[in-house]
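work.txt follows (compact mmCIF, C-alpha atoms and all ligand atoms):
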```
# COMPACT_ATOMS: atom_id res chain seq x y z
CA MET A 1 -31.12 -52.99 -112.77
CA ILE A 2 -28.83 -50.31 -114.20
CA GLY A 3 -31.45 -49.47 -116.82
CA GLY A 4 -34.12 -49.43 -114.13
CA ILE A 5 -35.47 -52.80 -115.33
CA SER A 6 -36.77 -54.89 -112.46
CA LYS A 7 -35.74 -58.49 -111.75
CA SER A 8 -39.29 -59.66 -112.50
CA ASP A 9 -39.21 -57.97 -115.93
CA LEU A 10 -35.94 -59.76 -116.70
CA LEU A 11 -37.45 -63.07 -115.59
CA LEU A 12 -40.36 -62.45 -117.92
CA LEU A 13 -37.87 -62.24 -120.79
CA LYS A 14 -36.47 -65.63 -119.82
CA ILE A 15 -39.93 -67.18 -119.91
CA ASN A 16 -40.98 -65.48 -123.12
CA SER A 17 -38.13 -64.13 -125.23
CA LYS A 18 -40.63 -62.28 -127.46
CA GLU A 19 -41.67 -60.04 -124.55
CA LYS A 20 -40.29 -56.52 -124.62
CA VAL A 21 -38.81 -54.65 -121.68
CA TYR A 22 -37.95 -50.99 -121.76
CA SER A 23 -34.97 -49.31 -120.14
CA LYS A 24 -35.97 -46.44 -117.88
CA ILE A 25 -32.89 -44.44 -118.83
CA ASP A 26 -31.88 -43.31 -122.32
CA PHE A 27 -29.39 -45.22 -124.41
CA HIS A 28 -26.57 -42.66 -124.07
CA SER A 29 -26.72 -42.66 -120.27
CA LEU A 30 -26.75 -46.44 -120.30
CA LYS A 31 -23.76 -46.54 -122.64
CA LYS A 32 -21.87 -44.07 -120.44
CA LYS A 33 -22.44 -46.29 -117.39
CA TRP A 34 -21.21 -49.33 -119.32
CA LEU A 35 -18.08 -47.47 -120.49
CA ASP A 36 -17.38 -46.29 -116.92
CA HIS A 37 -17.42 -49.94 -115.95
CA THR A 38 -15.37 -51.36 -118.83
CA ASN A 39 -12.91 -48.51 -119.45
CA LEU A 40 -12.52 -46.99 -115.99
CA SER A 41 -13.18 -50.16 -113.91
CA LYS A 42 -15.94 -48.44 -111.94
CA PRO A 43 -17.47 -51.15 -109.74
CA ILE A 44 -20.94 -52.23 -110.80
CA GLN A 45 -22.21 -51.58 -107.23
CA TYR A 46 -21.37 -47.87 -107.53
CA ILE A 47 -23.00 -47.76 -110.96
CA CYS A 48 -26.17 -49.36 -109.55
CA GLU A 49 -25.75 -47.34 -106.33
CA SER A 50 -26.59 -50.46 -104.35
CA SER A 51 -25.23 -53.80 -103.23
CA TYR A 52 -26.72 -57.00 -101.85
CA TRP A 53 -25.17 -58.10 -98.56
CA ARG A 54 -26.51 -60.95 -96.42
CA ASN A 55 -30.30 -60.68 -96.69
CA PHE A 56 -30.50 -57.02 -97.56
CA LYS A 57 -30.04 -54.46 -100.30
CA PHE A 58 -27.89 -51.50 -99.21
CA GLU A 59 -27.92 -48.15 -101.02
CA LEU A 60 -24.38 -46.94 -101.74
CA SER A 61 -22.41 -43.96 -102.96
CA THR A 62 -18.67 -43.55 -103.38
CA ASP A 63 -18.65 -42.09 -99.83
CA VAL A 64 -18.91 -45.63 -98.49
CA LEU A 65 -17.06 -48.90 -98.98
CA ILE A 66 -18.81 -51.63 -100.96
CA PRO A 67 -19.57 -54.14 -98.19
CA ARG A 68 -17.44 -57.25 -98.79
CA VAL A 69 -18.64 -60.82 -98.78
CA GLU A 70 -16.03 -61.93 -96.20
CA THR A 71 -17.35 -59.33 -93.73
CA GLU A 72 -20.77 -61.05 -93.70
CA GLN A 73 -19.33 -63.59 -91.23
CA ILE A 74 -18.81 -60.90 -88.58
CA VAL A 75 -22.57 -60.86 -88.00
CA GLU A 76 -22.56 -64.59 -87.18
CA ILE A 77 -19.49 -64.27 -84.94
CA ALA A 78 -21.15 -61.42 -83.01
CA THR A 79 -24.47 -63.22 -82.66
CA LYS A 80 -22.84 -66.47 -81.46
CA ILE A 81 -20.55 -64.77 -78.95
CA VAL A 82 -23.36 -63.25 -76.91
CA ALA A 83 -24.71 -65.66 -74.29
CA PRO A 84 -28.40 -66.45 -74.92
CA GLU A 85 -29.36 -65.17 -71.45
CA GLU A 86 -27.93 -61.72 -72.31
CA LYS A 87 -31.04 -60.61 -74.15
CA GLU A 88 -30.89 -56.83 -74.08
CA ILE A 89 -27.36 -55.83 -74.91
CA ILE A 90 -25.78 -52.64 -76.20
CA PHE A 91 -23.52 -53.10 -79.20
CA ALA A 92 -21.34 -50.62 -81.11
CA ASP A 93 -20.40 -50.78 -84.81
CA LEU A 94 -17.35 -48.54 -85.18
CA GLY A 95 -16.86 -47.27 -88.76
CA THR A 96 -20.32 -48.29 -89.93
CA GLY A 97 -20.01 -47.10 -93.59
CA SER A 98 -23.23 -48.15 -95.36
CA GLY A 99 -24.48 -49.49 -92.01
CA SER A 100 -24.35 -53.09 -93.21
CA ILE A 101 -23.05 -54.67 -89.96
CA ALA A 102 -25.09 -52.58 -87.52
CA ILE A 103 -28.33 -52.94 -89.48
CA SER A 104 -27.96 -56.71 -89.96
CA LEU A 105 -27.25 -57.19 -86.24
CA ALA A 106 -30.13 -54.95 -85.16
CA VAL A 107 -32.61 -56.63 -87.52
CA GLU A 108 -31.52 -60.15 -86.55
CA ASN A 109 -31.51 -59.34 -82.81
CA ARG A 110 -34.46 -57.05 -82.27
CA ASN A 111 -33.91 -56.48 -78.57
CA TRP A 112 -30.28 -55.41 -79.01
CA LYS A 113 -29.57 -51.69 -78.99
CA GLY A 114 -27.04 -50.51 -81.59
CA LEU A 115 -24.69 -47.53 -81.64
CA ALA A 116 -23.07 -46.88 -85.00
CA THR A 117 -20.28 -44.37 -85.57
CA ASP A 118 -18.38 -43.10 -88.60
CA ILE A 119 -15.99 -40.20 -89.18
CA ASP A 120 -17.77 -39.33 -92.43
CA MET A 121 -21.10 -37.48 -92.19
CA ASN A 122 -22.13 -38.64 -95.70
CA ALA A 123 -21.60 -42.24 -94.65
CA ILE A 124 -23.77 -41.65 -91.57
CA HIS A 125 -26.57 -40.28 -93.78
CA ILE A 126 -26.38 -43.32 -96.07
CA ALA A 127 -26.40 -45.71 -93.10
CA GLN A 128 -29.42 -43.92 -91.60
CA GLN A 129 -31.30 -44.10 -94.92
CA ASN A 130 -30.48 -47.80 -95.23
CA HIS A 131 -31.73 -48.43 -91.71
CA LYS A 132 -35.02 -46.65 -92.47
CA LYS A 133 -35.52 -48.63 -95.70
CA ILE A 134 -34.63 -52.00 -94.23
CA SER A 135 -36.21 -51.85 -90.79
CA SER A 136 -39.20 -50.20 -89.16
CA GLU A 137 -37.46 -50.41 -85.75
CA SER A 138 -35.48 -47.54 -84.26
CA ASN A 139 -32.95 -49.67 -82.36
CA ILE A 140 -29.78 -48.03 -83.78
CA ASN A 141 -28.45 -44.56 -82.99
CA PHE A 142 -26.00 -43.11 -85.52
CA TYR A 143 -23.16 -40.73 -84.62
CA CYS A 144 -20.51 -38.90 -86.62
CA GLY A 145 -17.10 -38.83 -84.95
CA ASN A 146 -13.77 -40.48 -84.28
CA TRP A 147 -14.23 -44.17 -83.32
CA TRP A 148 -15.56 -44.29 -79.72
CA GLN A 149 -15.48 -40.52 -79.15
CA PRO A 150 -19.23 -39.89 -79.86
CA LEU A 151 -20.16 -42.62 -77.35
CA THR A 152 -19.01 -40.92 -74.12
CA ASN A 153 -22.52 -41.29 -72.66
CA TYR A 154 -22.13 -45.05 -72.97
CA ALA A 155 -18.73 -45.33 -71.21
CA GLY A 156 -18.52 -48.66 -69.40
CA MET A 157 -21.90 -49.81 -70.79
CA ILE A 158 -21.16 -51.48 -74.14
CA ASN A 159 -21.42 -55.29 -74.17
CA LEU A 160 -20.11 -55.90 -77.67
CA ALA A 161 -18.13 -53.79 -80.14
CA ILE A 162 -17.51 -54.69 -83.75
CA SER A 163 -15.30 -52.90 -86.22
CA ASN A 164 -14.17 -53.44 -89.78
CA PRO A 165 -11.73 -50.51 -89.69
CA PRO A 166 -9.37 -49.27 -92.42
CA TYR A 167 -6.48 -51.75 -92.12
CA ILE A 168 -4.64 -51.80 -95.46
CA PRO A 169 -0.89 -51.11 -94.99
CA LYS A 170 0.70 -48.34 -97.08
CA ASN A 171 2.64 -50.61 -99.46
CA VAL A 172 -0.47 -52.70 -100.20
CA TYR A 173 -2.73 -49.66 -100.56
CA GLU A 174 -0.42 -48.18 -103.21
CA ARG A 175 -0.81 -51.33 -105.32
CA LEU A 176 -4.59 -51.75 -105.12
CA PRO A 177 -6.39 -52.14 -108.45
CA SER A 178 -7.98 -49.04 -110.01
CA SER A 179 -11.48 -50.43 -109.33
CA VAL A 180 -10.68 -49.90 -105.64
CA ILE A 181 -8.20 -47.02 -105.44
CA ASP A 182 -10.01 -44.77 -107.94
CA PHE A 183 -13.49 -45.22 -106.46
CA GLU A 184 -13.58 -46.45 -102.87
CA PRO A 185 -12.89 -43.90 -100.12
CA LYS A 186 -9.28 -43.88 -98.92
CA LYS A 187 -10.48 -43.22 -95.37
CA ALA A 188 -12.34 -46.54 -95.48
CA LEU A 189 -9.26 -48.54 -96.46
CA TYR A 190 -5.95 -46.95 -95.54
CA GLY A 191 -4.58 -48.02 -92.18
CA GLY A 192 -1.26 -46.12 -92.13
CA GLU A 193 2.28 -47.46 -92.57
CA ASP A 194 1.62 -50.92 -91.02
CA GLY A 195 -2.17 -50.87 -91.42
CA LEU A 196 -2.67 -50.89 -87.65
CA SER A 197 -3.01 -47.20 -86.80
CA HIS A 198 -6.82 -47.24 -86.46
CA ILE A 199 -6.86 -50.67 -84.82
CA LYS A 200 -4.45 -49.37 -82.14
CA GLN A 201 -6.79 -46.44 -81.40
CA ILE A 202 -9.84 -48.67 -81.21
CA ILE A 203 -8.16 -51.16 -78.85
CA SER A 204 -6.56 -48.57 -76.57
CA ASP A 205 -9.89 -46.77 -75.96
CA ALA A 206 -11.99 -49.94 -75.71
CA PRO A 207 -11.52 -50.41 -71.91
CA LYS A 208 -13.27 -47.06 -71.26
CA PHE A 209 -16.39 -48.15 -73.13
CA LEU A 210 -16.81 -51.90 -72.70
CA VAL A 211 -18.42 -53.56 -69.69
CA LYS A 212 -16.21 -56.10 -67.88
CA GLY A 213 -16.68 -59.30 -69.87
CA GLY A 214 -17.59 -57.31 -73.01
CA TRP A 215 -16.33 -58.48 -76.41
CA LEU A 216 -14.37 -56.71 -79.14
CA ILE A 217 -14.48 -58.18 -82.66
CA LEU A 218 -12.14 -56.76 -85.29
CA GLU A 219 -11.76 -57.51 -88.97
CA ASN A 220 -8.12 -57.33 -90.08
CA HIS A 221 -5.64 -57.89 -92.89
CA PHE A 222 -4.46 -61.49 -93.39
CA ASP A 223 -1.20 -61.05 -91.42
CA GLN A 224 -2.24 -58.76 -88.55
CA SER A 225 -3.98 -61.07 -86.10
CA LYS A 226 -0.91 -61.95 -84.00
CA LYS A 227 -0.02 -58.28 -83.47
CA ILE A 228 -3.65 -57.47 -82.68
CA LYS A 229 -3.77 -60.22 -80.06
CA ASN A 230 -0.66 -58.75 -78.40
CA LEU A 231 -2.30 -55.31 -78.34
CA LEU A 232 -5.51 -56.75 -76.90
CA ARG A 233 -3.53 -58.54 -74.17
CA GLU A 234 -1.72 -55.29 -73.35
CA TYR A 235 -5.05 -53.48 -72.85
CA GLY A 236 -6.60 -56.07 -70.54
CA PHE A 237 -8.31 -58.54 -72.87
CA ASP A 238 -8.33 -62.33 -72.64
CA SER A 239 -10.11 -65.18 -74.50
CA LEU A 240 -8.16 -64.06 -77.58
CA LYS A 241 -8.89 -65.87 -80.80
CA THR A 242 -8.23 -65.60 -84.53
CA ILE A 243 -11.17 -66.69 -86.68
CA ASN A 244 -10.68 -67.69 -90.32
CA ASP A 245 -12.92 -66.32 -93.04
CA THR A 246 -14.53 -68.62 -95.63
CA PHE A 247 -11.33 -68.40 -97.72
CA GLY A 248 -9.25 -69.78 -94.80
CA ILE A 249 -7.63 -66.42 -93.97
CA GLY A 250 -7.26 -65.26 -90.33
CA ARG A 251 -9.62 -62.37 -90.98
CA PHE A 252 -11.14 -61.72 -87.54
CA THR A 253 -9.55 -61.24 -84.12
CA ILE A 254 -11.65 -61.29 -81.00
CA GLY A 255 -11.03 -60.67 -77.32
CA ARG A 256 -12.94 -60.28 -74.06
CA TYR A 257 -12.31 -57.35 -71.71
CA LYS A 258 -11.40 -58.77 -68.30
C1 LIG A 301 -13.51 -50.72 -94.05
S1 LIG A 301 -14.78 -49.49 -93.95
C2 LIG A 301 -16.06 -50.48 -93.21
C3 LIG A 301 -17.45 -50.06 -93.57
C4 LIG A 301 -18.53 -51.05 -93.12
N1 LIG A 301 -18.51 -51.23 -91.68
C5 LIG A 301 -18.32 -52.39 -93.81
O1 LIG A 301 -17.90 -53.34 -93.15
O2 LIG A 301 -18.58 -52.47 -95.01
C6 LIG A 301 -14.20 -48.48 -92.61
C7 LIG A 301 -15.13 -47.35 -92.18
O3 LIG A 301 -14.49 -46.66 -91.10
C8 LIG A 301 -14.73 -45.27 -91.25
N2 LIG A 301 -13.67 -44.54 -90.53
C9 LIG A 301 -12.42 -44.24 -90.94
N3 LIG A 301 -11.75 -43.56 -90.00
C10 LIG A 301 -12.61 -43.44 -88.94
C11 LIG A 301 -12.49 -42.83 -87.67
N4 LIG A 301 -11.38 -42.22 -87.29
N5 LIG A 301 -13.56 -42.89 -86.84
C12 LIG A 301 -14.71 -43.51 -87.23
N6 LIG A 301 -14.88 -44.10 -88.43
C13 LIG A 301 -13.84 -44.06 -89.28
C14 LIG A 301 -14.72 -45.04 -92.74
O4 LIG A 301 -15.36 -43.83 -93.07
C15 LIG A 301 -15.41 -46.30 -93.24
O5 LIG A 301 -16.80 -46.10 -93.36
```
Here is the file; what I need is its structure written in the form of structure tokens.
Amino acid sequence: MIGGISKSDLLLLKINSKEKVYSKIDFHSLKKKWLDHTNLSKPIQYICESSYWRNFKFELSTDVLIPRVETEQIVEIATKIVAPEEKEIIFADLGTGSGSIAISLAVENRNWKGLATDIDMNAIHIAQQNHKKISSESNINFYCGNWWQPLTNYAGMINLAISNPPYIPKNVYERLPSSVIDFEPKKALYGGEDGLSHIKQIISDAPKFLVKGGWLILENHFDQSKKIKNLLREYGFDSLKTINDTFGIGRFTIGRYK
């Protein structure tokens, strides 16, 4: 892939090792990419400028987080939580990055309408491009701005909000490996001193935007769920629950606005 060789060409090599395949980039560029990976720990997804997530291939740049495997589950949680009779809902993906969550939800639930926000205009462009490549539907609107702020026209109308916000506490952020800290955007990861600064903003503004009975689903750091439940309770949520990821970590916290 890095040399522009397709998967089918590589398969051909497996079937007939005497076949020849040709790299579409010159040897020196290829070597440079390899050295960036081995010497500088540049993640392979940024070298390929893409990543596979759930059923889709997402284009990436270092303006967006590499979508993580544990986040895939958020799509299932969101889909299951909506009652089957609620066919045409409005959902928001706050901090959409590459658009992975919003696009997966909109493709898997074609009559849902999506609103995706991000503070970074480059991320919004990447998410829009990914949406165009992956789906022929136009059921997501993209907005650049601070969390809910671009969604004022939808106040009190959103049935479901999902966010994988920056939640890494300061002391953990400072010790992240160079593959993360040197390449992934700080604004996608860093959650302030205790990691909760963005989560607090999202929860405190949620009551203005959610319908009564609307759900909020948050991804969080392994030890934040209890504090997040307390915040949710304080802002009028019930049906609070921590959901473990596939590694057994309390990765998601959900609540329903009363
Ligand atoms: C952890 S990344 C999640 C990206 C993507 N949703 C995913 O799961 O892979 C957090 C995202 O939140 C965005 N973000 C950070 N601060 C924000 C803010 N104040 N308002 C909106 N988005 C913000 C970042 O730019 C980043 O794209």
Produce a table with one row for each residue of chain A that has an atom at most 9 Å from any atom of ligand LIG 301 (chain A), each row naming the nearest atom pair and its distance in Å at one decimal; use only C-alpha atoms and all ligand atoms; arrange rows by chain and rising residue number; format as CSV.
```
residue,atom,partner,partner_atom,distance
A:Asp63,CA,A:LIG301,O4,7.7
A:Val64,CA,A:LIG301,O5,5.6
A:Leu65,CA,A:LIG301,C3,5.5
A:Ile66,CA,A:LIG301,O2,6.0
A:Pro67,CA,A:LIG301,O2,3.7
A:Arg68,CA,A:LIG301,O2,6.2
A:Thr71,CA,A:LIG301,O1,6.0
A:Glu72,CA,A:LIG301,O1,8.2
A:Ile74,CA,A:LIG301,O1,8.9
A:Asp93,CA,A:LIG301,N1,7.1
A:Leu94,CA,A:LIG301,N6,6.0
A:Gly95,CA,A:LIG301,O3,3.4
A:Thr96,CA,A:LIG301,N1,3.9
A:Gly97,CA,A:LIG301,O5,3.4
A:Ser98,CA,A:LIG301,C4,6.0
A:Gly99,CA,A:LIG301,N1,6.2
A:Ser100,CA,A:LIG301,O2,6.1
A:Ile101,CA,A:LIG301,N1,6.0
A:Ala102,CA,A:LIG301,N1,7.9
A:Thr117,CA,A:LIG301,C12,5.9
A:Asp118,CA,A:LIG301,N6,3.6
A:Ile119,CA,A:LIG301,C12,4.0
A:Asp120,CA,A:LIG301,O4,5.1
A:Met121,CA,A:LIG301,O4,8.6
A:Asn122,CA,A:LIG301,O4,8.9
A:Ala123,CA,A:LIG301,O5,6.3
A:Ile124,CA,A:LIG301,O5,8.5
A:Cys144,CA,A:LIG301,C12,7.4
A:Gly145,CA,A:LIG301,N5,5.7
A:Asn146,CA,A:LIG301,N5,3.5
A:Trp147,CA,A:LIG301,N5,3.8
A:Trp148,CA,A:LIG301,N5,7.5
A:Gln149,CA,A:LIG301,N5,8.3
A:Ile162,CA,A:LIG301,N1,8.7
A:Ser163,CA,A:LIG301,N1,6.6
A:Asn164,CA,A:LIG301,C2,4.9
A:Pro165,CA,A:LIG301,C6,4.3
A:Pro166,CA,A:LIG301,C1,4.7
A:Tyr167,CA,A:LIG301,C1,7.4
A:Pro185,CA,A:LIG301,O4,7.5
A:Lys186,CA,A:LIG301,C14,8.3
A:Lys187,CA,A:LIG301,C9,4.9
A:Ala188,CA,A:LIG301,C15,3.8
A:Leu189,CA,A:LIG301,C1,5.4
A:Tyr190,CA,A:LIG301,C9,8.4
A:Gly191,CA,A:LIG301,N3,8.7
A:His198,CA,A:LIG301,N4,6.8
A:Gln201,CA,A:LIG301,N4,8.6
A:Ile202,CA,A:LIG301,N5,8.9
A:Glu219,CA,A:LIG301,O1,8.5
```
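Going from CA of Leu30 in chain A over to CA of Gly3 in chain A, you cover 6.6 Å.
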**Request:** Can you pull out every residue within 9 Å of Lys229 in chain A, counting all atoms listed in the file, but drop anything in the same chain fewer than 6 positions away, and send it as a ChimeraX atom specification?
**Result:** /A:237-238,240-242,253-255
>> If we count all atoms listed in the file and set the cut-off at 8 Å, which residues sit around range 174-180 of chain A, ignoring sequence neighbours fewer than 5 positions away in its own chain? Please answer as JSON, numbers by chain.
In response: {"A": [40, 41, 42, 43]}
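Across the model, the gap from CA of Phe222 in chain A to CA of Ile249 in chain A is 5.9 Å.
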Across A:Glu86, A:Asp223, A:Asp205, A:Asp36, the smallest distance to Phe252 in chain A, with only C-alpha atoms counted, is shown by A:Asp223
Legend entry - Distance of CA of Tyr52 in chain A from CA of Trp34 in chain A, expressed in Å to one decimal place: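 Atom-to-atom, CA of Trp34 in chain A and CA of Tyr52 in chain A are spaced 19.9 Å apart.
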Closest to Trp215 in chain A among A:Asn244, A:Thr79, A:Asn141, A:Ser29, using all atoms listed in the file?
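Once distances to Trp215 in chain A are computed over all atoms listed in the file, the minimum belongs to A:Thr79.
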Task: Top pick for closest residue to Gln73 in chain A, considering A:Ser17, A:Ser61, A:Ser104, A:Ser135 and counting all atoms listed in the file - done: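 Closest to Gln73 in chain A of all the choices is A:Ser104.
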Closest contacts (range 53-102 of chain A/range 46-49 of chain A, max 7 Å, only C-alpha atoms) as CSV:
```
residue,atom,partner,partner_atom,distance
A:Glu59,CA,A:Glu49,CA,5.8
A:Leu60,CA,A:Glu49,CA,4.8
A:Ser61,CA,A:Glu49,CA,5.8
A:Thr62,CA,A:Tyr46,CA,6.6
```
Nearest to Arg251 in chain A, restricted to only C-alpha atoms and choosing among A:Glu70, A:Ala161, A:Trp53, A:Pro207, comes out as A:Glu70
